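**Q** Before I ask anything, let me first share the structure, which is written out below as structure tokens.
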Amino acid sequence: MLKSKTFVKKTRSGGVLKIVREHYLRDDIWCGSEVCKECKDEAPVLQEHACIESNLCSFPHYLIPDTNVVLHQIDILEDPLIRNVIILQIVLQEVRHRSAPVYKRIKDAIHEKEKHFYTFTNEHHRETFIEREQGETANDRNDRAIRVAAKWYTDHLAKKTNGGSLKVVLLTDDRANKEKAEQYGLVVYRCEEYIKSLIGNPELMDRLALQPDDQNEITGSKLLFPEHLPLSRIQSGIKNGMFLQGTFHANRDNYLEGKVFINREGEEINEVLLQGLQNLNRAVHQDVVAIELFPKERWVAPSSVVLQDDSPNDEDAEEDETENKLKGVPSDSSVLKPTGRVVGIIKRNWRPFCGMLSQSMIKEATRHLFTPADRRIPRIRIETRQAANLVRQRIMVAIDGWPKNSRYPNGHFVKNLGSAGDKETETEVLLLEHDVPHQPFSQAVLSFLPKMPWSITEEDLKVRADLRHLCVCSVDPPGCTDIDDTLHCRELENGNLEVGVHIADVSHFIRPGNALDQEAASRGTTVYLCGKRIDMVPELLSSNLCSLRSNVERLAFSCIWEMNHNAEILKAHFTKSIINSKASLTYAEAQMRIDDSTMKDDITKSLRGLNRLAKILKGRRIAKGALTLSSPEVRFHIDSETHDPIDMQSKELKETNSMVEEFMLLANISVAQKIYDEFSECALLRKHPSPPPSNYDILIKAAKSRDLNIHTDSAKALADSLNNATVENFPYFNTLLRILATRCMMQAVYFCSGMDSDFHHYGLASPIYTHFTSPIRRYADIIVHRLLAVAINADSTYPDLMDKHKQSALCNNLNYRHKMAQYAQRASVAFHTQLFFKNKGIINEEGFILFVRKNAIIILIPKFGLEGAVFFDNKDKPSPHLSFDSEGPTLRVEEHTFRMFDKVKVTIELKLSFMAYLWWYLPLVFKNFCLFQIPGVSVPVPESEPEAKKPKLDC
């Protein structure tokens with residue numbers, strides 16, 4: 001033990017708590033090198049024969065990067081060329097504190113045996129631990145500790161190699177640290193110096209992150225943005241109310257506009273509008289920023305312009321003319337929003353971004369503009385010597401910084417993902433862009449799967465209800481292999497009905513805290529793409545042992561009700577069970593059985609009973625105010641050999657879809673009430689917040705344009721209004737209105753009951769709700785299963801299950817994963833839609849105007865679920881006279897007036913030259929590759945479009 005340190009900490013109650021910490025040192029910590037035979041008798045990690053070849057270091061050597069090199073050059077360190085790296089404990093601790101993503105990446109690199117990364121615990125080695133000196137900052141002490149450890153390694157290895165042929169090289173980009181290391185007698189280089197010297201891999205230079213000094217060298221001298229305030233001033237400004245802190249959200253449809261959602265509760269203003277490059281001040285989507293609020297006389301309404309960043313590639317490009325398009329705001333004070341400007345960045349939320357190099361910029365020069373897939377991210381300036389090879393390739397780029405004299409942020413090339421348009425490449429892009437974990441399950445995870453062959457044991461029979469005699473069956477989409485749920489309905493001797501929902505008992509196979517459980521919690525949900533599924537749990541569980549397939553015995557968790565014939569619940573019972581499904585049906589097959597009066601078997605009788613009860617349950621829900629909304633959905637028919645879409649059509653919903661939905665909803669509500677009654681502080685529930693009144697503005701305007709009124713005082717009032725909203729000779733109008741209403745809704749979220757007081761589910765008109773019925777594909781359901789099992793004494797609890805703070809943190813991740821999965825699924829549909837149109841030539845279809853903007857109309861084509869914009873202004877040609885009325889809203893183009901829900905005739909033609917570009921944006925912007933024929937108006941497509949004018953699509 002080195003010494004005891006005593007700290008005094010104040011408690012919440014005002015008391016004082018004395019904390020004693022003891023720091024232990026050892027002298028037997030292994031150096032990890034194969035040349036050292038004395039430290040430890042283990043397989044060496046650092047190998048002399050695997051040293052990197054370098055013109056600068058002609059001797060065999062190990063690398064010791066300092067903290068900033070690990071933080072900023074992680075793309076370099078991950079490269080297979082980089083081997084024999086010593087990661088000091090002090091560096092690892094500081095990286096963990098400063099960047100969780102980089103910490104995970106460096107830990108993954110350490111675990112790769114082929115890379116020979118070794119963690120040296122310098123803070124517990126007697127000869128490398130140092131005390132912080134009086135007046136020394138923590139950062140200076142850490143830098144000194146790195147130098148001391150590097151010096152110890154240098155001397156230690158010199159003794160083992162008889163003259164010191166094996167050395168260590170310290171990598172640092174800190175000038176002061178480098179100078180002190182040289183005075184110390186160490187071999188030390190800047191990261192760029194060292195990477196330039198490597199033999200046989202010049203492309204690695206492209207992956208170097210630019211340092212602040214380097215960034216200033218490659219940008220112009222003209223100041224384009226205000227200086228960001230230092231963090232100390234920002235923090236004091238937030239404390240005294242001068243500034244507000246929030247998360248910046250860029251506008252997909254207008255690169256000159258964004259919103260900041262205020263993070264702190266209790267603020268009168270929870271959303272601030274930002275307009276113009278100066279006020280956005282280099283904020284990137286999802287950054288945490290500090291903003292200064294403008295006085296009320298400067299508040300404006302959100303712009304109705306669809307505006308894409310197609311400015312030329314020079315720093316002096318004037319934005320005045322473009323930003324003027326944001327003006328002309330209506331004077332109606334009811335639509336004015338608080339406005340402000342970014343004064344500083346509190347936390348960057350940068351990640352590697354997927355996209356393509358802008359083709360018009362690909363010349364012999366090394367500096368190029370990169371266009372990200374996500375239109376909310378600005379274009380990024382990078383230096384690369386591979387531009388000619390990266391044409392029409394999907395690549396990843398990371399942002400290094402955004403100087404105040406640069407129109408765009410600076411970044412560096414990370415890696416090439418593959419050819420644009422290739423299905424595997426595009427799938428990889430959309431998974432990366434939406435942060436979907438899709439790596440194969442590790443051996444550590446797979447080691448917790450049950451051993452095969454697996455079968456139900458005598459112990460299972462003792463502790464579970466044996467329901468194998470019941471006539472249960474599943475009803476799912478075609479081709480479903482991860483069957484979560486089965487149903488049954490039978491008449492009891494007393495004349496009542498017994499209805500059961502039987503859910504796969506996934507929690508039996510996934511035990512709390514092991515690697516399998518942690519991986520499922522991290523993934524959060526299964527992601528369904530067109531023709532591909534990214535499982536939350538390994539296939540042995542998802543498609544086999546947990547899938548409730550027909551004619552096999554399976555473990556289940558059953559929710560069983562006794563009901564009267566009016567679908568009123570008399571009793572509810574929950575039990576772990578064993579079932580044997582009698583049939584695995586599709587929705588169409590189940591519907592056929594119900595409709596065929598000649599079928600009298602037990603399965604069909606059960607389905608008819610379920611269907612009759614479901615109609616009663618649905619009617620009762622709707623009467624209480626449950627919403628029936630709509631969204632355009634399509635189904636692809638995939639070629640079995642090429643896996644290309646050969647046909648697409650709108651999804652047709654049958655009565656059996658509603659039947660299954662009703663009983664899943666009922667089970668979720670029943671379980672929610674049960675776990676909340678038992679665990680009021682730690683129940684995992686799901687709520688759907690009521691939308692703020694302003695969300696309904698566009699819906700109300702759309703209805704008024706057809707002389708209809710929509711009431712939004714409550715969910716019931718909205719539901720009744722939608723039910724009554726019909727227009728003669730326009731049967732699709734009500735569907736359009738429901739599509740619009742869907743977009744007014746808030747996102748439903750998971751939450752912990754002990755951390756919230758509002759449980760209401762607005763869309764379902766239910767006071768309490770959770771997810772219980774899909775544990776194969778949702779981790780939330782696994783937690784709910786565990787809570788329910790404890791509630792009925794079928795399983796034991798564990799600390800994290802009863803910790804409301806940990807449950808709340810878990811909910812945050814589940815909400816994020818669920819949202820990203822939805823976006824990834826939509827992107828997959830968008831890509832397959834383009835594949836479908838690839839060889840179809842010209843297609844004529846009917847469409848409807850969904851939104852009217854100041855310079856464009858957004859059109860929906862129901863048959864294909866397509867949504868796209870038609871622009872009426874063109875930089876290359878004289879624009880027609882446009883007159884926009886926000887009250888309608890209507891757009892007058894010359895003598896033609898367009899309003900919401902107008903029917904239009906559309907001619908769709910995919911230009912193959914654009915197939916390789918930004919398909920993942922949805923809705924599609926049909927300008928540049930589609931021709932819309934609207935009565936009396938032609939929006940022609942040029943035969944050859946300039947290279948810089950590729951389609952910008954929206955996600």
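For the structure tokens, the naming scheme is as follows: chains receive sequential letters (A, B, ...) according to their order of presentation, residues are indexed from 1 within each chain, and ligands are indexed from 1 in presentation order.
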Contacts of A:Asp505 at 7 Å or less, counting only C-alpha atoms, minus same-chain residues fewer than 4 places along, as a PDB file with N, CA and C atoms, in the first residue's frame?

**A**
```pdb
ATOM      1  N   CYS A 546     -37.101 -20.592 -29.217  1.00  0.00           N
ATOM      2  CA  CYS A 546     -38.114 -19.665 -28.699  1.00  0.00           C
ATOM      3  C   CYS A 546     -39.262 -19.437 -29.671  1.00  0.00           C
ATOM      4  N   LEU A 555     -41.657 -23.661 -24.456  1.00  0.00           N
ATOM      5  CA  LEU A 555     -41.892 -22.962 -23.196  1.00  0.00           C
ATOM      6  C   LEU A 555     -42.550 -21.623 -23.495  1.00  0.00           C
ATOM      7  N   ALA A 556     -43.549 -21.278 -22.709  1.00  0.00           N
ATOM      8  CA  ALA A 556     -44.284 -20.035 -22.957  1.00  0.00           C
ATOM      9  C   ALA A 556     -44.596 -19.329 -21.644  1.00  0.00           C
ATOM     10  N   PHE A 557     -45.009 -18.070 -21.787  1.00  0.00           N
ATOM     11  CA  PHE A 557     -45.547 -17.296 -20.672  1.00  0.00           C
ATOM     12  C   PHE A 557     -46.967 -16.935 -21.088  1.00  0.00           C
TER      13      PHE A 557
END
```

**Q** Would you list the contacts of stretch 615-623 of chain A as a PDB file with C-alpha atoms, in the first residue's frame, taking every protein, DNA or RNA residue within 8 Å and counting only C-alpha atoms, but skipping same-chain residues closer than 4 positions in sequence?

**A**
```pdb
ATOM      1  CA  ASN A 566     -69.475  -9.569 -24.491  1.00  0.00           C
ATOM      2  CA  ALA A 567     -65.640  -9.654 -24.176  1.00  0.00           C
ATOM      3  CA  ASN A 611     -62.337 -12.734 -34.233  1.00  0.00           C
ATOM      4  CA  LEU A 627     -57.132   6.511 -32.633  1.00  0.00           C
ATOM      5  CA  THR A 628     -57.167   4.671 -35.940  1.00  0.00           C
ATOM      6  CA  MET A 659     -57.832  -9.817 -34.402  1.00  0.00           C
ATOM      7  CA  GLU A 662     -56.557  -6.622 -30.263  1.00  0.00           C
ATOM      8  CA  LYS A 716     -61.748  11.051 -28.404  1.00  0.00           C
ATOM      9  CA  ALA A 719     -61.002  10.242 -33.293  1.00  0.00           C
ATOM     10  CA  LEU A 764     -54.634   3.677 -27.483  1.00  0.00           C
ATOM     11  CA  ALA A 765     -56.698   5.721 -24.996  1.00  0.00           C
TER      12      ALA A 765
END
```

**Q** Between A:Pro693, A:Pro512, A:Pro731, A:Gly531, single out the one closest to A:Pro799, counting only C-alpha atoms.

**A**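 Of A:Pro693, A:Pro512, A:Pro731, A:Gly531, the one nearest A:Pro799, counting only C-alpha atoms, is A:Pro512.
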
**Q** Counting only C-alpha atoms, which residue out of A:Ala702, A:Asp707, A:Thr726, A:Tyr750 sits closest to A:Arg899?

**A** A:Ala702

**Q** Provide the atom CA of A:Asn416 to atom CA of A:Gly355 distance in Å, to one decimal place.

**A** 10.0 Å

**Q** Pick from A:Arg144, A:Tyr62, A:Phe129, A:Ala138: nearest to A:Val187, with only C-alpha atoms counted?

**A**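 Checking each candidate against A:Val187, we get A:Tyr62 as the closest.
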
**Q** I need the alpha helix (DSSP H) residues of stretch 130-199 of chain A per DSSP on the backbone, written as number ranges by chain.

**A** A: 138-160, 175-183, 191-196

**Q** How would the residues just chosen look if you wrote them out with N, CA and C atoms as a compact mmCIF listing (two decimals), in the first residue's frame?

**A**
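Wrote again.txt, looks like this:
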```
# COMPACT_ATOMS: atom_id res chain seq x y z
N ALA A 138 -4.03 18.44 -13.34
CA ALA A 138 -4.26 17.00 -13.54
C ALA A 138 -3.78 16.56 -14.91
N ASN A 139 -3.97 17.43 -15.93
CA ASN A 139 -3.54 17.09 -17.29
C ASN A 139 -2.02 17.00 -17.38
N ASP A 140 -1.32 17.96 -16.74
CA ASP A 140 0.15 17.93 -16.74
C ASP A 140 0.67 16.72 -15.99
N ARG A 141 0.01 16.35 -14.90
CA ARG A 141 0.43 15.18 -14.14
C ARG A 141 0.28 13.91 -14.98
N ASN A 142 -0.84 13.82 -15.75
CA ASN A 142 -1.05 12.65 -16.59
C ASN A 142 -0.02 12.57 -17.71
N ASP A 143 0.31 13.72 -18.32
CA ASP A 143 1.34 13.74 -19.35
C ASP A 143 2.68 13.28 -18.77
N ARG A 144 2.98 13.73 -17.58
CA ARG A 144 4.25 13.33 -16.94
C ARG A 144 4.24 11.84 -16.63
N ALA A 145 3.07 11.32 -16.20
CA ALA A 145 2.98 9.88 -15.93
C ALA A 145 3.23 9.06 -17.19
N ILE A 146 2.75 9.57 -18.34
CA ILE A 146 2.99 8.88 -19.62
C ILE A 146 4.48 8.88 -19.95
N ARG A 147 5.13 10.01 -19.73
CA ARG A 147 6.56 10.09 -20.01
C ARG A 147 7.36 9.16 -19.08
N VAL A 148 6.97 9.11 -17.81
CA VAL A 148 7.66 8.24 -16.84
C VAL A 148 7.51 6.78 -17.24
N ALA A 149 6.30 6.39 -17.66
CA ALA A 149 6.07 5.00 -18.08
C ALA A 149 6.87 4.67 -19.34
N ALA A 150 6.92 5.63 -20.29
CA ALA A 150 7.70 5.41 -21.51
C ALA A 150 9.18 5.27 -21.19
N LYS A 151 9.68 6.08 -20.25
CA LYS A 151 11.08 5.99 -19.83
C LYS A 151 11.36 4.65 -19.17
N TRP A 152 10.44 4.19 -18.32
CA TRP A 152 10.64 2.90 -17.64
C TRP A 152 10.71 1.78 -18.67
N TYR A 153 9.80 1.81 -19.68
CA TYR A 153 9.82 0.78 -20.72
C TYR A 153 11.14 0.81 -21.50
N THR A 154 11.60 2.04 -21.81
CA THR A 154 12.86 2.17 -22.55
C THR A 154 14.01 1.51 -21.80
N ASP A 155 14.14 1.83 -20.50
CA ASP A 155 15.23 1.27 -19.69
C ASP A 155 15.04 -0.23 -19.47
N HIS A 156 13.79 -0.64 -19.25
CA HIS A 156 13.49 -2.04 -18.97
C HIS A 156 13.83 -2.93 -20.17
N LEU A 157 13.44 -2.47 -21.38
CA LEU A 157 13.69 -3.27 -22.57
C LEU A 157 15.17 -3.25 -22.94
N ALA A 158 15.88 -2.15 -22.63
CA ALA A 158 17.31 -2.08 -22.91
C ALA A 158 18.07 -3.17 -22.16
N LYS A 159 17.63 -3.44 -20.94
CA LYS A 159 18.28 -4.49 -20.13
C LYS A 159 18.02 -5.87 -20.72
N LYS A 160 16.87 -6.04 -21.36
CA LYS A 160 16.50 -7.36 -21.84
C LYS A 160 17.05 -7.68 -23.23
N ARG A 175 2.85 19.77 -28.39
CA ARG A 175 4.20 20.29 -28.59
C ARG A 175 5.00 20.31 -27.30
N ALA A 176 4.37 20.76 -26.20
CA ALA A 176 5.08 20.85 -24.92
C ALA A 176 5.45 19.45 -24.42
N ASN A 177 4.54 18.52 -24.55
CA ASN A 177 4.79 17.14 -24.12
C ASN A 177 5.94 16.53 -24.93
N LYS A 178 5.97 16.82 -26.22
CA LYS A 178 7.02 16.30 -27.09
C LYS A 178 8.38 16.84 -26.68
N GLU A 179 8.43 18.13 -26.41
CA GLU A 179 9.71 18.75 -26.02
C GLU A 179 10.22 18.16 -24.71
N LYS A 180 9.35 17.99 -23.74
CA LYS A 180 9.77 17.42 -22.45
C LYS A 180 10.20 15.97 -22.59
N ALA A 181 9.54 15.24 -23.47
CA ALA A 181 9.90 13.84 -23.70
C ALA A 181 11.28 13.74 -24.35
N GLU A 182 11.58 14.66 -25.28
CA GLU A 182 12.91 14.66 -25.91
C GLU A 182 13.99 14.98 -24.89
N GLN A 183 13.70 15.93 -23.99
CA GLN A 183 14.65 16.25 -22.93
C GLN A 183 14.87 15.06 -22.00
N CYS A 191 2.19 12.18 -34.45
CA CYS A 191 1.50 11.06 -35.10
C CYS A 191 1.66 11.16 -36.62
N GLU A 192 1.50 12.35 -37.16
CA GLU A 192 1.61 12.52 -38.61
C GLU A 192 3.01 12.16 -39.10
N GLU A 193 4.05 12.60 -38.37
CA GLU A 193 5.43 12.26 -38.74
C GLU A 193 5.61 10.75 -38.84
N TYR A 194 5.11 10.07 -37.82
CA TYR A 194 5.31 8.62 -37.76
C TYR A 194 4.54 7.91 -38.87
N ILE A 195 3.28 8.29 -39.10
CA ILE A 195 2.46 7.63 -40.12
C ILE A 195 3.05 7.84 -41.51
N LYS A 196 3.56 9.04 -41.77
CA LYS A 196 4.19 9.31 -43.07
C LYS A 196 5.38 8.41 -43.32
```
